[in-house]
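Before any comments, here is the structure.
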Amino acid sequence: MTALILEDVHVEFPIYAAQRSFRKALFARATGGRVERGGGRHRVAVKALTGVSITLAEGDRLGLVGHNGAGKSTLLRVMAGVYEPVIGRVLASGKITSCFDLLPGLDLEDSGYENIVTAGLLFGMSHPEIERRIPEIEEFSELGEYLALPVRTYSSGMLVRLGFALATSVDPGILLLDEGIGAGDARFADRANRRLQSLVDRSRILVLASHSDDLIRAWCNRAALLEAGQVVEIGPVDDVLAAYHARNQARVGQG
Amino acid sequence: MAPTVAAGHTMSPPKNPDAATGDDGMLDRPQSAPAAPLAKSAFRDIRDGFLRPDVWGRLGWLEIKRRYRRTTIGPFWNVISLAVFVATVGTVGAGLWDQNAREYLPYLTSGMLVWLMISASANESCVLFIANSHLFRNGAFDFSMLAYALVWRNFIVMLHHLVVYVVLVAVLAPGLVTSATLLVFPGLALLMINGVWVSLLLGMFCLRFRDVQQLVASLIQISLFMTPVFWPADQLQAGTARSLFVHYNPLYHAVQVVRAPLLGEVPAAESYFAVIAMAVAGCAVTAWVFSRFRKRLAYWI
């Protein structure tokens with residue numbers, strides 16, 4: 001049974017710019033460490049997520065809504081395992097597929113085929129699995145002969161097609177999508193939507209961060225509203241979207 | 001700007017029957033699934049990483065390819081630069097230390113090829129996580145794979161350098177190849193084990209404290225002159241304080257476990273002892289630091 005459970009997850013990013021250097025850390029040690037300045041010196045940190053608890057079971061399609069900087073992307077990355085929570089924990093059963101970077105390990109001098117292999121391996125596939133997917137990727141990306149050429153010869157649209165074809169060929173268990181997976185030109189966009197739809201349909205759990213109400217309504221059966229790193233609403237899509245817009249209205253009213 | 005999927009209006013409702021029912025267990029849904037923590041232990045990282053030679057092998061190989069891309073002779077620049085180095089420095093050194101070229105050139109070559117492996121590994125370790133940060137921004141990642149890739153890559157470079165040695169020995173001193181030469185293999189294995197912990201430890205340190213990279217680079221540069229690579233170890237008289245640079249120099253022993261076999265000699269027991277002790281102590285320290293700070297690596301970028 002596929003599941004993704006977040007228990008009281010806190011994430012904060014330390015800001016080291018000022019004290020990243022070895023000298024300062026060394027100095028702090030040499031002087032007995034932790035010199036309290038003006039009643040307590042705290043390390044500068046940005047609180048990105050505070051006390052997030054979410055339980056997702058098979059069939060759940062969760063939409064994440066909220067303003068820029070509300071913590072949607074950080075939450076997705078915590079779910080993906082990029083960041084381990086400072087407090088709390090993330091439990092998962094099932095394979096997690098995250099499509100933040102469509103072509104991990106991209107090398108512009110490598111050919112399309114070589115990049116497919118590199119990225120596929122980094123997505124956790126094995127060589128035979130990648131080989132099996134190549135015909136499908138060839139067909140979908142419509143790159144033809146270009147696949148044997150260095151990727152630097154591609155237009156940006158072609159590169160998007162390659163990455164999209166590869167990333168959407170995976171077998172998703174728990175699928176994490178950050179909005180704005182590019183899709184190239186208009187003709188491609190239509191096919192891309194269908195392909196993305198099929199990817200989403202194959203997934204057991206979907207978490208999608210998006211600013212598009214239409215997309216959230218179309219794909220999700222639950223939604224969570226994030227504000228300043230906290231889940232302030234979680235429930236049926238329409239309720240959460242309504243709450244989101246109500247808050248926006250209130251904010252505009254105040255301003 | 002390219003239109004994004006998010007702007008599409010052709011989406012159909014979810015076809016998953018579970019999803020379509022729109023049940024609302026919401027926050028306090030009973031946990032029926034045996035879900036495991038996503039967080040990985042340092043041990044599992046090191047083990048799982050090692051079990052993906054397809055990934056680290058490719059990462060290491062690609063890096064070499066990248067370096068020599070669009071050059072005509074590619075990695076043989078390694079061979080040429082070492083050959084030129086040996087020819088020039090060897091001529092001067094043989095005069096300086098009053099050595100016989102037949103003995104000195106193989107000594108210098110074998111010492112340099114081990115040294116180049118050690119110094120390149122140490123320098124690259126400093127950017128292990130910094131340069132590869134894009135690889136672990138997509139999901140859970142076995143950081144140890146980067147260390148294996150680094151060691152593998154420097155092993156391949158060493159094989160290129162070995163060409164110079166093989167040619168030189170074949171021409172000048174075929175008598176150097178004895179049964180002791182086989183000890184090259186355990187020697188290299190020991191260096192590679194040390195390479196893994198050094199790269200993980202230095203990689204973590206340099207990620208958190210960006211000054212360390214500069215420190216390591218200059219230390220490595222200085223140690224080349226303090227370690228018997230250009231000059232024969234027996235030039236420093238035993239018993240004098242200066243011979244500390246030989247017997248208490250871990251880099252000397254690291255060089256020696258590979259160089260001595262290449263010169264047809266069995267390395268001294270103290271060299272094996274030093275290198276094995278380094279491997280054990282280094283692995284222990286690294287295991288501790290790695291298990292403590294592994295989960296912070298993504299935050300340190």
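Chains: A, B, ... in order of the structure tokens. Residues: from 1 per chain. Ligands: from 1, in order shown.
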
Legend entry - helix (DSSP H, G or I) per DSSP on the backbone: members of range 4-247 of chain A, as a VMD selection string: chain A and resid 22 to 30 72 to 80 112 to 122 127 to 141 144 to 148 151 to 153 156 to 167 186 to 202 213 to 219 237 to 247

Inset, instruction - For Ser73 in chain A, work out the shell of residues within 8 Å, counting only C-alpha atoms and skipping chain neighbours fewer than 2 positions away, then give it as a PyMOL selection string. - result: chain A and resi 71+75-77+178+209

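If you look at CA of Thr227 in chain B and CA of Pro250 in chain B, they are 9.2 Å away from each other.
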
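Distances to chain A were evaluated for B:Leu207, B:Leu150, B:Val114, B:Ala269 using only C-alpha atoms, and the minimum falls at B:Leu207.
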
Inset, instruction - Compile the contact shell of range 117-120 of chain A as a PyMOL selection string: residues with an atom at most 10 Å away, counting only C-alpha atoms, same-chain residues fewer than 4 positions apart removed. - result: (chain A and resi 101-107+110+112-113+124-127+129-131+133-134+163+166-167+169-170) or (chain B and resi 54-55+58-59+62+135)

With N, CA and C atoms retained, write the just-selected residues as a PDB file, in the first residue's frame.
```pdb
ATOM      1  N   ASP A 101      13.806  18.457 -11.719  1.00  0.00           N
ATOM      2  CA  ASP A 101      14.850  18.634 -12.713  1.00  0.00           C
ATOM      3  C   ASP A 101      14.624  17.527 -13.736  1.00  0.00           C
ATOM      4  N   LEU A 102      14.272  17.889 -14.951  1.00  0.00           N
ATOM      5  CA  LEU A 102      13.884  16.862 -15.921  1.00  0.00           C
ATOM      6  C   LEU A 102      15.069  16.083 -16.443  1.00  0.00           C
ATOM      7  N   LEU A 103      16.231  16.712 -16.499  1.00  0.00           N
ATOM      8  CA  LEU A 103      17.408  16.007 -17.013  1.00  0.00           C
ATOM      9  C   LEU A 103      18.552  16.132 -16.017  1.00  0.00           C
ATOM     10  N   PRO A 104      18.492  15.390 -14.913  1.00  0.00           N
ATOM     11  CA  PRO A 104      19.592  15.495 -13.959  1.00  0.00           C
ATOM     12  C   PRO A 104      20.897  15.025 -14.591  1.00  0.00           C
ATOM     13  N   GLY A 105      21.975  15.712 -14.238  1.00  0.00           N
ATOM     14  CA  GLY A 105      23.277  15.335 -14.785  1.00  0.00           C
ATOM     15  C   GLY A 105      23.453  15.730 -16.238  1.00  0.00           C
ATOM     16  N   LEU A 106      22.615  16.664 -16.699  1.00  0.00           N
ATOM     17  CA  LEU A 106      22.675  17.091 -18.102  1.00  0.00           C
ATOM     18  C   LEU A 106      24.068  17.571 -18.492  1.00  0.00           C
ATOM     19  N   ASP A 107      24.544  17.088 -19.617  1.00  0.00           N
ATOM     20  CA  ASP A 107      25.807  17.570 -20.165  1.00  0.00           C
ATOM     21  C   ASP A 107      25.557  18.006 -21.602  1.00  0.00           C
ATOM     22  N   ASP A 110      27.233  16.069 -24.414  1.00  0.00           N
ATOM     23  CA  ASP A 110      26.828  14.683 -24.661  1.00  0.00           C
ATOM     24  C   ASP A 110      25.659  14.642 -25.635  1.00  0.00           C
ATOM     25  N   GLY A 112      21.992  13.266 -27.143  1.00  0.00           N
ATOM     26  CA  GLY A 112      20.698  13.053 -26.516  1.00  0.00           C
ATOM     27  C   GLY A 112      20.619  11.672 -25.880  1.00  0.00           C
ATOM     28  N   TYR A 113      21.091  10.673 -26.587  1.00  0.00           N
ATOM     29  CA  TYR A 113      21.050   9.307 -26.053  1.00  0.00           C
ATOM     30  C   TYR A 113      21.847   9.192 -24.765  1.00  0.00           C
ATOM     31  N   GLY A 124      17.117   6.680 -10.984  1.00  0.00           N
ATOM     32  CA  GLY A 124      17.043   5.411 -10.266  1.00  0.00           C
ATOM     33  C   GLY A 124      16.725   4.216 -11.150  1.00  0.00           C
ATOM     34  N   MET A 125      16.749   4.418 -12.467  1.00  0.00           N
ATOM     35  CA  MET A 125      16.477   3.288 -13.363  1.00  0.00           C
ATOM     36  C   MET A 125      17.771   2.509 -13.599  1.00  0.00           C
ATOM     37  N   SER A 126      17.615   1.295 -14.079  1.00  0.00           N
ATOM     38  CA  SER A 126      18.785   0.507 -14.448  1.00  0.00           C
ATOM     39  C   SER A 126      18.990   0.638 -15.957  1.00  0.00           C
ATOM     40  N   HIS A 127      20.160   0.208 -16.419  1.00  0.00           N
ATOM     41  CA  HIS A 127      20.438   0.283 -17.850  1.00  0.00           C
ATOM     42  C   HIS A 127      19.367  -0.399 -18.702  1.00  0.00           C
ATOM     43  N   GLU A 129      16.292  -1.003 -18.050  1.00  0.00           N
ATOM     44  CA  GLU A 129      15.032  -0.237 -17.994  1.00  0.00           C
ATOM     45  C   GLU A 129      15.088   0.955 -18.933  1.00  0.00           C
ATOM     46  N   ILE A 130      16.231   1.602 -18.946  1.00  0.00           N
ATOM     47  CA  ILE A 130      16.381   2.782 -19.806  1.00  0.00           C
ATOM     48  C   ILE A 130      16.305   2.352 -21.272  1.00  0.00           C
ATOM     49  N   GLU A 131      17.015   1.263 -21.583  1.00  0.00           N
ATOM     50  CA  GLU A 131      17.007   0.757 -22.967  1.00  0.00           C
ATOM     51  C   GLU A 131      15.569   0.506 -23.433  1.00  0.00           C
ATOM     52  N   ARG A 133      12.955   1.947 -22.567  1.00  0.00           N
ATOM     53  CA  ARG A 133      12.154   3.164 -22.748  1.00  0.00           C
ATOM     54  C   ARG A 133      12.602   4.000 -23.941  1.00  0.00           C
ATOM     55  N   ILE A 134      13.771   3.684 -24.448  1.00  0.00           N
ATOM     56  CA  ILE A 134      14.308   4.548 -25.496  1.00  0.00           C
ATOM     57  C   ILE A 134      13.406   4.665 -26.727  1.00  0.00           C
ATOM     58  N   GLY A 163      13.779  16.196 -22.154  1.00  0.00           N
ATOM     59  CA  GLY A 163      13.628  16.017 -20.711  1.00  0.00           C
ATOM     60  C   GLY A 163      12.230  15.553 -20.356  1.00  0.00           C
ATOM     61  N   LEU A 166      11.664  11.898 -21.227  1.00  0.00           N
ATOM     62  CA  LEU A 166      12.316  10.976 -20.293  1.00  0.00           C
ATOM     63  C   LEU A 166      11.598  10.973 -18.941  1.00  0.00           C
ATOM     64  N   ALA A 167      11.379  12.172 -18.413  1.00  0.00           N
ATOM     65  CA  ALA A 167      10.824  12.253 -17.056  1.00  0.00           C
ATOM     66  C   ALA A 167       9.430  11.637 -16.988  1.00  0.00           C
ATOM     67  N   SER A 169       8.443   9.129 -18.702  1.00  0.00           N
ATOM     68  CA  SER A 169       8.441   7.704 -19.046  1.00  0.00           C
ATOM     69  C   SER A 169       8.622   6.837 -17.810  1.00  0.00           C
ATOM     70  N   VAL A 170       8.877   7.462 -16.663  1.00  0.00           N
ATOM     71  CA  VAL A 170       9.144   6.670 -15.469  1.00  0.00           C
ATOM     72  C   VAL A 170       7.858   6.030 -14.943  1.00  0.00           C
TER      73      VAL A 170
ATOM     74  N   ASP B  54      26.852   1.172 -11.756  1.00  0.00           N
ATOM     75  CA  ASP B  54      26.446   1.739 -13.049  1.00  0.00           C
ATOM     76  C   ASP B  54      26.369   3.255 -12.962  1.00  0.00           C
ATOM     77  N   VAL B  55      25.912   3.765 -11.800  1.00  0.00           N
ATOM     78  CA  VAL B  55      25.778   5.222 -11.671  1.00  0.00           C
ATOM     79  C   VAL B  55      27.139   5.869 -11.419  1.00  0.00           C
ATOM     80  N   ARG B  58      29.531   5.641 -14.278  1.00  0.00           N
ATOM     81  CA  ARG B  58      29.245   6.573 -15.360  1.00  0.00           C
ATOM     82  C   ARG B  58      29.604   8.004 -14.983  1.00  0.00           C
ATOM     83  N   LEU B  59      29.286   8.379 -13.751  1.00  0.00           N
ATOM     84  CA  LEU B  59      29.617   9.743 -13.308  1.00  0.00           C
ATOM     85  C   LEU B  59      31.120   9.975 -13.400  1.00  0.00           C
ATOM     86  N   LEU B  62      32.170  10.007 -17.189  1.00  0.00           N
ATOM     87  CA  LEU B  62      31.725  11.214 -17.898  1.00  0.00           C
ATOM     88  C   LEU B  62      32.625  12.399 -17.583  1.00  0.00           C
ATOM     89  N   LEU B 135      23.080  17.287  -8.578  1.00  0.00           N
ATOM     90  CA  LEU B 135      22.649  15.893  -8.613  1.00  0.00           C
ATOM     91  C   LEU B 135      21.760  15.531  -7.437  1.00  0.00           C
TER      92      LEU B 135
END
```
